$ cat data_10.txt   # compact mmCIF, C-alpha atoms
# COMPACT_ATOMS: atom_id res chain seq x y z
CA GLY A 1 -16.87 -19.13 15.81
CA GLU A 2 -13.13 -19.51 16.20
CA SER A 3 -10.79 -16.55 15.87
CA VAL A 4 -7.06 -16.19 15.96
CA GLY A 5 -5.54 -13.02 17.37
CA LEU A 6 -2.04 -13.77 16.18
CA HIS A 7 -0.84 -15.96 13.35
CA LEU A 8 -0.98 -19.59 14.40
CA PRO A 9 0.22 -22.46 12.26
CA THR A 10 -2.91 -24.52 12.91
CA LEU A 11 -6.58 -23.88 13.48
CA SER A 12 -9.16 -26.53 14.35
CA VAL A 13 -12.88 -25.84 14.09
CA GLN A 14 -16.14 -27.73 14.06
CA GLU A 15 -18.21 -28.01 10.91
CA GLY A 16 -20.62 -25.09 10.72
CA ASP A 17 -18.46 -22.74 12.80
CA ASN A 18 -17.03 -19.53 11.38
CA SER A 19 -13.26 -19.50 10.96
CA ILE A 20 -10.92 -16.53 11.05
CA ILE A 21 -7.37 -16.86 9.80
CA ASN A 22 -4.99 -13.98 10.42
CA CYS A 23 -1.92 -12.78 8.60
CA ALA A 24 0.60 -10.04 9.29
CA TYR A 25 2.24 -8.70 6.15
CA SER A 26 5.64 -7.11 6.05
CA ASN A 27 5.71 -4.33 3.47
CA SER A 28 3.73 -1.14 4.06
CA ALA A 29 4.12 -0.35 0.34
CA SER A 30 2.19 -3.45 -0.73
CA ASP A 31 -0.81 -2.59 -2.88
CA TYR A 32 -2.46 -5.92 -3.43
CA PHE A 33 -3.23 -8.93 -1.26
CA ILE A 34 -4.48 -12.42 -1.98
CA TRP A 35 -5.61 -15.41 0.03
CA TYR A 36 -4.78 -18.83 -1.38
CA LYS A 37 -5.97 -22.28 -0.35
CA GLN A 38 -3.65 -25.27 -0.80
CA GLU A 39 -5.01 -28.78 -0.50
CA SER A 40 -2.72 -31.73 0.00
CA GLY A 41 -0.81 -32.63 -3.15
CA LYS A 42 -2.07 -29.62 -5.10
CA GLY A 43 -0.94 -26.14 -5.98
CA PRO A 44 -2.23 -22.99 -4.26
CA GLN A 45 -5.68 -21.97 -5.44
CA PHE A 46 -6.99 -18.40 -5.48
CA ILE A 47 -9.74 -17.63 -2.96
CA ILE A 48 -10.14 -13.86 -2.81
CA ASP A 49 -8.10 -10.70 -3.28
CA ILE A 50 -8.22 -7.12 -2.07
CA ARG A 51 -6.49 -3.92 -3.11
CA SER A 52 -5.00 -1.44 -0.67
CA ASN A 53 -7.69 1.16 -1.33
CA MET A 54 -10.28 -1.16 0.26
CA ASP A 55 -10.63 -2.50 3.79
CA LYS A 56 -13.16 -5.25 3.19
CA ARG A 57 -14.20 -7.51 0.36
CA GLN A 58 -16.72 -10.34 0.35
CA GLY A 59 -16.98 -13.44 -1.75
CA GLN A 60 -19.00 -16.59 -1.48
CA ARG A 61 -18.73 -17.61 2.22
CA VAL A 62 -15.44 -15.73 2.51
CA THR A 63 -14.58 -12.20 3.60
CA VAL A 64 -11.17 -10.56 3.58
CA LEU A 65 -10.40 -7.66 5.91
CA LEU A 66 -7.41 -5.38 5.48
CA ASN A 67 -6.02 -3.14 8.21
CA LYS A 68 -3.19 -1.14 6.69
CA THR A 69 -2.46 0.70 9.93
CA VAL A 70 -1.20 -2.46 11.60
CA LYS A 71 -0.39 -4.34 8.37
CA HIS A 72 -2.89 -7.06 9.12
CA LEU A 73 -5.01 -9.19 6.83
CA SER A 74 -7.67 -11.69 7.81
CA LEU A 75 -9.77 -14.29 6.05
CA GLN A 76 -13.16 -15.15 7.45
CA ILE A 77 -14.86 -18.35 6.31
CA ALA A 78 -18.55 -18.65 7.16
CA ALA A 79 -20.14 -21.99 8.00
CA THR A 80 -16.87 -23.89 7.63
CA GLN A 81 -17.18 -27.25 5.89
CA PRO A 82 -14.89 -30.31 5.86
CA GLY A 83 -13.93 -29.41 2.28
CA ASP A 84 -12.41 -26.19 3.62
CA SER A 85 -9.67 -28.20 5.34
CA ALA A 86 -6.40 -27.08 3.77
CA VAL A 87 -3.41 -24.79 4.27
CA TYR A 88 -4.26 -21.11 3.79
CA PHE A 89 -1.71 -18.52 2.72
CA CYS A 90 -1.86 -14.79 2.48
CA ALA A 91 0.29 -13.13 -0.17
CA GLU A 92 1.25 -9.49 -0.68
CA ASN A 93 2.34 -7.66 -3.79
CA GLN A 94 3.43 -4.30 -5.08
CA ALA A 95 4.22 -3.11 -8.56
CA GLY A 96 7.38 -4.64 -9.94
CA THR A 97 7.51 -7.59 -7.56
CA ALA A 98 6.16 -11.09 -7.51
CA LEU A 99 3.71 -12.33 -4.90
CA ILE A 100 5.36 -12.72 -1.51
CA PHE A 101 3.75 -15.43 0.59
CA GLY A 102 3.26 -15.45 4.33
CA LYS A 103 3.43 -18.47 6.59
CA GLY A 104 0.56 -20.83 6.06
CA THR A 105 -2.18 -21.76 8.49
CA THR A 106 -3.47 -25.31 8.43
CA LEU A 107 -7.25 -25.35 8.90
CA SER A 108 -8.76 -28.62 10.12
CA VAL A 109 -12.53 -28.98 10.09
CA SER A 110 -14.13 -31.80 12.02
CA SER A 111 -17.69 -32.96 11.48
CA ASP B 1 -8.18 -28.49 -19.67
CA THR B 2 -5.39 -27.85 -17.20
CA ALA B 3 -4.49 -24.16 -17.06
CA VAL B 4 -0.93 -24.50 -15.77
CA SER B 5 0.63 -27.91 -16.19
CA GLN B 6 4.06 -29.05 -15.12
CA THR B 7 5.90 -32.29 -15.63
CA PRO B 8 6.92 -34.48 -14.05
CA LYS B 9 4.78 -34.53 -10.91
CA TYR B 10 7.39 -36.55 -9.04
CA LEU B 11 11.13 -36.64 -9.60
CA VAL B 12 13.57 -38.76 -7.61
CA THR B 13 17.21 -38.44 -8.53
CA GLN B 14 20.70 -38.83 -7.14
CA MET B 15 22.99 -36.07 -5.96
CA GLY B 16 25.08 -34.59 -8.71
CA ASN B 17 22.59 -35.29 -11.48
CA ASP B 18 21.09 -32.67 -13.79
CA LYS B 19 17.31 -32.53 -14.21
CA SER B 20 14.65 -30.39 -15.84
CA ILE B 21 11.06 -29.55 -14.95
CA LYS B 22 8.75 -28.33 -17.68
CA CYS B 23 5.83 -25.93 -17.38
CA GLU B 24 3.18 -24.84 -19.83
CA GLN B 25 0.21 -22.50 -19.45
CA ASN B 26 -2.76 -22.23 -21.81
CA LEU B 27 -4.21 -19.07 -20.27
CA GLY B 28 -2.58 -16.64 -22.67
CA HIS B 29 -0.71 -15.00 -19.79
CA ASP B 30 2.39 -12.88 -20.29
CA THR B 31 4.09 -13.67 -16.99
CA MET B 32 5.33 -16.96 -15.57
CA TYR B 33 7.04 -17.89 -12.31
CA TRP B 34 8.87 -20.58 -10.45
CA TYR B 35 8.27 -20.93 -6.72
CA LYS B 36 9.92 -23.33 -4.28
CA GLN B 37 7.97 -24.78 -1.35
CA ASP B 38 10.06 -26.27 1.44
CA SER B 39 9.18 -28.96 3.97
CA LYS B 40 7.59 -26.34 6.23
CA LYS B 41 5.28 -25.27 3.39
CA PHE B 42 7.00 -21.92 2.97
CA LEU B 43 6.57 -20.66 -0.61
CA LYS B 44 9.41 -18.58 -2.01
CA ILE B 45 9.71 -16.91 -5.39
CA MET B 46 12.67 -18.02 -7.47
CA PHE B 47 12.21 -16.52 -10.93
CA SER B 48 9.74 -14.51 -12.94
CA TYR B 49 9.56 -14.06 -16.70
CA ASN B 50 7.48 -11.53 -18.60
CA ASN B 51 7.14 -11.96 -22.37
CA LYS B 52 10.06 -14.41 -22.30
CA GLU B 53 12.32 -11.96 -20.47
CA LEU B 54 13.69 -12.56 -16.99
CA ILE B 55 12.37 -9.85 -14.65
CA ILE B 56 12.86 -11.35 -11.22
CA ASN B 57 15.80 -13.46 -10.15
CA GLU B 58 15.89 -14.00 -6.43
CA THR B 59 18.95 -15.25 -4.62
CA VAL B 60 19.03 -18.66 -6.18
CA PRO B 61 22.18 -20.72 -6.84
CA ASN B 62 23.28 -20.44 -10.44
CA ARG B 63 22.84 -24.20 -10.71
CA PHE B 64 19.20 -23.26 -11.35
CA SER B 65 18.60 -21.93 -14.85
CA PRO B 66 15.14 -21.04 -16.12
CA LYS B 67 14.41 -20.97 -19.83
CA SER B 68 11.39 -19.53 -21.58
CA PRO B 69 11.22 -20.58 -25.24
CA ASP B 70 7.90 -18.73 -25.64
CA LYS B 71 5.34 -16.98 -23.47
CA ALA B 72 3.46 -20.21 -22.78
CA HIS B 73 6.44 -22.18 -21.48
CA LEU B 74 8.89 -21.76 -18.64
CA ASN B 75 11.22 -24.64 -17.89
CA LEU B 76 13.58 -25.04 -14.96
CA HIS B 77 16.89 -26.80 -15.34
CA ILE B 78 18.90 -27.75 -12.28
CA ASN B 79 22.55 -28.78 -12.48
CA SER B 80 24.53 -30.78 -9.94
CA LEU B 81 21.57 -31.50 -7.70
CA GLU B 82 22.11 -31.33 -3.95
CA LEU B 83 20.17 -32.83 -1.05
CA GLY B 84 18.96 -29.35 -0.09
CA ASP B 85 17.26 -28.96 -3.45
CA SER B 86 14.61 -31.44 -2.33
CA ALA B 87 11.32 -29.52 -2.28
CA VAL B 88 8.12 -29.01 -4.22
CA TYR B 89 8.57 -26.67 -7.17
CA PHE B 90 5.55 -24.77 -8.44
CA CYS B 91 5.14 -23.07 -11.75
CA ALA B 92 2.61 -20.23 -11.97
CA SER B 93 1.39 -17.66 -14.45
CA SER B 94 -0.42 -14.33 -14.38
CA GLN B 95 -1.76 -11.78 -16.84
CA ALA B 96 0.71 -9.15 -15.71
CA PRO B 97 3.94 -9.09 -13.68
CA SER B 98 2.26 -7.76 -10.54
CA LEU B 99 -0.96 -6.66 -8.87
CA THR B 100 -2.88 -9.62 -10.20
CA GLU B 101 -3.58 -13.18 -9.14
CA ALA B 102 -1.25 -15.98 -10.11
CA PHE B 103 -2.47 -19.39 -11.22
CA PHE B 104 -0.42 -22.32 -9.98
CA GLY B 105 0.40 -25.71 -11.40
CA GLN B 106 0.10 -28.90 -9.39
CA GLY B 107 3.75 -28.88 -8.37
CA THR B 108 6.75 -31.13 -8.93
CA ARG B 109 8.01 -32.96 -5.87
CA LEU B 110 11.76 -33.26 -6.28
CA THR B 111 13.61 -35.68 -4.02
CA VAL B 112 17.37 -35.79 -4.16
CA VAL B 113 18.94 -38.89 -2.63
$ encode --input "data_10.txt" --output "structure tokens"
Amino acid sequence: GESVGLHLPTLSVQEGDNSIINCAYSNSASDYFIWYKQESGKGPQFIIDIRSNMDKRQGQRVTVLLNKTVKHLSLQIAATQPGDSAVYFCAENQAGTALIFGKGTTLSVSS
Amino acid sequence: DTAVSQTPKYLVTQMGNDKSIKCEQNLGHDTMYWYKQDSKKFLKIMFSYNNKELIINETVPNRFSPKSPDKAHLNLHINSLELGDSAVYFCASSQAPSLTEAFFGQGTRLTVV
């Protein structure tokens, strides 16, 4: 699988590989984190979320990992498919604020 | 049924004009937002309304004026449009003002010429 140690704006993988997209968030007081997927010409779409009292959460083919010590969030996509090609954003939130988005990562999946 | 819908999808206008973007959500949510996405895909919060009341107003020129006639609608009016206003504007809604996912509309691509 392909992994990214630091945030990179683009990630290219082969179909069937596992993808890991990383995100560094800014506010140590953030309580809630979301990963969004944005396809071309569309609005961001919810993928998975995690609260600060957890360090891992799994969904269908996706896993989010939270490391509060280093303020790091990652999204793992298993068996990446061409339909996963999109821009992925992490977002952080605390009470009283709106979602704050990180820089996006463009995932390209080739078959 | 579209959960969060905004109109128009595309808007091309000249500098100095005034334009509005409309947004409606049928999710029964209390909170609505406007986000701006620039050419580098960076998404930035502009405004947030909860139960028709403005709760977040980021550093946005006062040429931008949101209006929420009811909980299901949040419109954005822009006066004296400038070239730098060109961007994609997204409306979103959520059940509560924070700590919950937001649902986004399809976006309005505004081009000022």
$ interface_residues --input "data_10.txt" --of "chain B" --to "chain A" --cutoff "12 Å" --atoms "all atoms listed in the file" --output "ChimeraX atom specification"
/B:3-6,9-10,31-38,40-50,55-58,88-94,96-109
$ write_last_selection --input "data_10.txt" --atoms "C-alpha atoms" --output "PDB file, in the frame of the given file"
ATOM      1  CA  ALA B   3      -4.490 -24.160 -17.060  1.00  0.00           C
ATOM      2  CA  VAL B   4      -0.930 -24.500 -15.770  1.00  0.00           C
ATOM      3  CA  SER B   5       0.630 -27.910 -16.190  1.00  0.00           C
ATOM      4  CA  GLN B   6       4.060 -29.050 -15.120  1.00  0.00           C
ATOM      5  CA  LYS B   9       4.780 -34.530 -10.910  1.00  0.00           C
ATOM      6  CA  TYR B  10       7.390 -36.550  -9.040  1.00  0.00           C
ATOM      7  CA  THR B  31       4.090 -13.670 -16.990  1.00  0.00           C
ATOM      8  CA  MET B  32       5.330 -16.960 -15.570  1.00  0.00           C
ATOM      9  CA  TYR B  33       7.040 -17.890 -12.310  1.00  0.00           C
ATOM     10  CA  TRP B  34       8.870 -20.580 -10.450  1.00  0.00           C
ATOM     11  CA  TYR B  35       8.270 -20.930  -6.720  1.00  0.00           C
ATOM     12  CA  LYS B  36       9.920 -23.330  -4.280  1.00  0.00           C
ATOM     13  CA  GLN B  37       7.970 -24.780  -1.350  1.00  0.00           C
ATOM     14  CA  ASP B  38      10.060 -26.270   1.440  1.00  0.00           C
ATOM     15  CA  LYS B  40       7.590 -26.340   6.230  1.00  0.00           C
ATOM     16  CA  LYS B  41       5.280 -25.270   3.390  1.00  0.00           C
ATOM     17  CA  PHE B  42       7.000 -21.920   2.970  1.00  0.00           C
ATOM     18  CA  LEU B  43       6.570 -20.660  -0.610  1.00  0.00           C
ATOM     19  CA  LYS B  44       9.410 -18.580  -2.010  1.00  0.00           C
ATOM     20  CA  ILE B  45       9.710 -16.910  -5.390  1.00  0.00           C
ATOM     21  CA  MET B  46      12.670 -18.020  -7.470  1.00  0.00           C
ATOM     22  CA  PHE B  47      12.210 -16.520 -10.930  1.00  0.00           C
ATOM     23  CA  SER B  48       9.740 -14.510 -12.940  1.00  0.00           C
ATOM     24  CA  TYR B  49       9.560 -14.060 -16.700  1.00  0.00           C
ATOM     25  CA  ASN B  50       7.480 -11.530 -18.600  1.00  0.00           C
ATOM     26  CA  ILE B  55      12.370  -9.850 -14.650  1.00  0.00           C
ATOM     27  CA  ILE B  56      12.860 -11.350 -11.220  1.00  0.00           C
ATOM     28  CA  ASN B  57      15.800 -13.460 -10.150  1.00  0.00           C
ATOM     29  CA  GLU B  58      15.890 -14.000  -6.430  1.00  0.00           C
ATOM     30  CA  VAL B  88       8.120 -29.010  -4.220  1.00  0.00           C
ATOM     31  CA  TYR B  89       8.570 -26.670  -7.170  1.00  0.00           C
ATOM     32  CA  PHE B  90       5.550 -24.770  -8.440  1.00  0.00           C
ATOM     33  CA  CYS B  91       5.140 -23.070 -11.750  1.00  0.00           C
ATOM     34  CA  ALA B  92       2.610 -20.230 -11.970  1.00  0.00           C
ATOM     35  CA  SER B  93       1.390 -17.660 -14.450  1.00  0.00           C
ATOM     36  CA  SER B  94      -0.420 -14.330 -14.380  1.00  0.00           C
ATOM     37  CA  ALA B  96       0.710  -9.150 -15.710  1.00  0.00           C
ATOM     38  CA  PRO B  97       3.940  -9.090 -13.680  1.00  0.00           C
ATOM     39  CA  SER B  98       2.260  -7.760 -10.540  1.00  0.00           C
ATOM     40  CA  LEU B  99      -0.960  -6.660  -8.870  1.00  0.00           C
ATOM     41  CA  THR B 100      -2.880  -9.620 -10.200  1.00  0.00           C
ATOM     42  CA  GLU B 101      -3.580 -13.180  -9.140  1.00  0.00           C
ATOM     43  CA  ALA B 102      -1.250 -15.980 -10.110  1.00  0.00           C
ATOM     44  CA  PHE B 103      -2.470 -19.390 -11.220  1.00  0.00           C
ATOM     45  CA  PHE B 104      -0.420 -22.320  -9.980  1.00  0.00           C
ATOM     46  CA  GLY B 105       0.400 -25.710 -11.400  1.00  0.00           C
ATOM     47  CA  GLN B 106       0.100 -28.900  -9.390  1.00  0.00           C
ATOM     48  CA  GLY B 107       3.750 -28.880  -8.370  1.00  0.00           C
ATOM     49  CA  THR B 108       6.750 -31.130  -8.930  1.00  0.00           C
ATOM     50  CA  ARG B 109       8.010 -32.960  -5.870  1.00  0.00           C
TER      51      ARG B 109
END
$ closest_residue --input "data_10.txt" --among "B:Leu11, B:Gln95, B:Ser68, B:Ser80" --to "Gly28 in chain B" --atoms "all atoms listed in the file"
B:Gln95
$ atom_distance --input "data_10.txt" --atom1 "CA of Thr106 in chain A" --atom2 "CA of Lys37 in chain A"
9.6 Å
$ atom_distance --input "data_10.txt" --atom1 "CA of Ser40 in chain A" --atom2 "CA of Glu15 in chain A"
19.3 Å
$ atom_distance --input "data_10.txt" --atom1 "CA of Met15 in chain B" --atom2 "CA of Ser86 in chain B"
10.2 Å
$ closest_residue --input "data_10.txt" --among "A:Asn53, A:Ser26, A:Gln14, A:Asn67" --to "Ser108 in chain A" --atoms "all atoms listed in the file"
A:Gln14
$ residues_around --input "data_10.txt" --residues "Thr69 in chain A" --least-positions-apart "3" --cutoff "12 Å" --atoms "all atoms listed in the file" --output "tab-separated table (two decimals) with C-alpha atoms, in the frame of the given file"
chain	number	residue	atom	x	y	z
A	24	ALA	CA	0.60	-10.04	9.29
A	25	TYR	CA	2.24	-8.70	6.15
A	26	SER	CA	5.64	-7.11	6.05
A	27	ASN	CA	5.71	-4.33	3.47
A	28	SER	CA	3.73	-1.14	4.06
A	29	ALA	CA	4.12	-0.35	0.34
A	52	SER	CA	-5.00	-1.44	-0.67
A	55	ASP	CA	-10.63	-2.50	3.79
A	66	LEU	CA	-7.41	-5.38	5.48
A	72	HIS	CA	-2.89	-7.06	9.12
A	73	LEU	CA	-5.01	-9.19	6.83
$ closest_residue --input "data_10.txt" --among "B:Thr13, B:Thr7, B:Pro61, B:Gln25" --to "Leu110 in chain B" --atoms "all atoms listed in the file"
B:Thr13
$ decode --input "data_10.txt" --residues "range 81-100 of chain B" --atoms "N, CA, C and O atoms" --output "short mmCIF file (atom, residue, chain, number, x, y, z; two decimals), in the first residue's frame"
data_model
loop_
_atom_site.label_atom_id
_atom_site.label_comp_id
_atom_site.auth_asym_id
_atom_site.auth_seq_id
_atom_site.Cartn_x
_atom_site.Cartn_y
_atom_site.Cartn_z
N LEU B 81 -19.61 43.38 -6.81
CA LEU B 81 -18.72 42.23 -7.01
C LEU B 81 -17.36 42.64 -7.55
O LEU B 81 -17.24 43.55 -8.39
N GLU B 82 -16.33 41.95 -7.03
CA GLU B 82 -14.95 42.19 -7.45
C GLU B 82 -14.38 40.91 -8.06
O GLU B 82 -14.87 39.81 -7.80
N LEU B 83 -13.30 41.08 -8.82
CA LEU B 83 -12.67 39.92 -9.46
C LEU B 83 -12.29 38.86 -8.44
O LEU B 83 -12.45 37.65 -8.68
N GLY B 84 -11.82 39.30 -7.28
CA GLY B 84 -11.38 38.38 -6.24
C GLY B 84 -12.49 37.59 -5.59
O GLY B 84 -12.24 36.67 -4.80
N ASP B 85 -13.73 37.93 -5.90
CA ASP B 85 -14.86 37.18 -5.36
C ASP B 85 -15.10 35.89 -6.13
O ASP B 85 -15.88 35.04 -5.70
N SER B 86 -14.43 35.76 -7.27
CA SER B 86 -14.59 34.55 -8.07
C SER B 86 -14.14 33.34 -7.26
O SER B 86 -13.01 33.30 -6.75
N ALA B 87 -15.02 32.36 -7.13
CA ALA B 87 -14.76 31.18 -6.31
C ALA B 87 -15.98 30.27 -6.42
O ALA B 87 -16.95 30.60 -7.10
N VAL B 88 -15.90 29.14 -5.72
CA VAL B 88 -17.08 28.29 -5.59
C VAL B 88 -17.61 28.49 -4.17
O VAL B 88 -16.87 28.36 -3.20
N TYR B 89 -18.89 28.79 -4.06
CA TYR B 89 -19.51 29.04 -2.78
C TYR B 89 -20.41 27.84 -2.43
O TYR B 89 -21.25 27.43 -3.22
N PHE B 90 -20.17 27.30 -1.23
CA PHE B 90 -20.94 26.14 -0.80
C PHE B 90 -21.82 26.51 0.39
O PHE B 90 -21.35 27.11 1.37
N CYS B 91 -23.04 26.08 0.29
CA CYS B 91 -23.96 26.14 1.41
C CYS B 91 -23.92 24.78 2.10
O CYS B 91 -23.70 23.74 1.45
N ALA B 92 -24.11 24.76 3.40
CA ALA B 92 -24.13 23.51 4.16
C ALA B 92 -25.10 23.64 5.31
O ALA B 92 -25.49 24.75 5.70
N SER B 93 -25.48 22.50 5.87
CA SER B 93 -26.34 22.52 7.06
C SER B 93 -25.94 21.40 7.99
O SER B 93 -25.31 20.42 7.59
N SER B 94 -26.29 21.57 9.27
CA SER B 94 -26.03 20.53 10.27
C SER B 94 -27.10 20.59 11.35
O SER B 94 -27.79 21.60 11.50
N GLN B 95 -27.22 19.50 12.09
CA GLN B 95 -28.25 19.44 13.14
C GLN B 95 -27.99 20.45 14.25
O GLN B 95 -28.92 20.99 14.84
N ALA B 96 -26.71 20.65 14.55
CA ALA B 96 -26.34 21.54 15.64
C ALA B 96 -25.18 22.42 15.17
O ALA B 96 -24.54 22.12 14.16
N PRO B 97 -24.88 23.49 15.92
CA PRO B 97 -23.83 24.42 15.46
C PRO B 97 -22.42 23.84 15.47
O PRO B 97 -21.53 24.39 14.83
N SER B 98 -22.18 22.75 16.18
CA SER B 98 -20.83 22.20 16.20
C SER B 98 -20.88 20.73 16.61
O SER B 98 -21.91 20.22 17.01
N LEU B 99 -19.73 20.09 16.48
CA LEU B 99 -19.54 18.71 16.90
C LEU B 99 -20.46 17.74 16.18
O LEU B 99 -20.84 16.71 16.73
N THR B 100 -20.78 18.07 14.95
CA THR B 100 -21.61 17.19 14.14
C THR B 100 -21.31 17.43 12.67
O THR B 100 -20.82 18.50 12.30
#
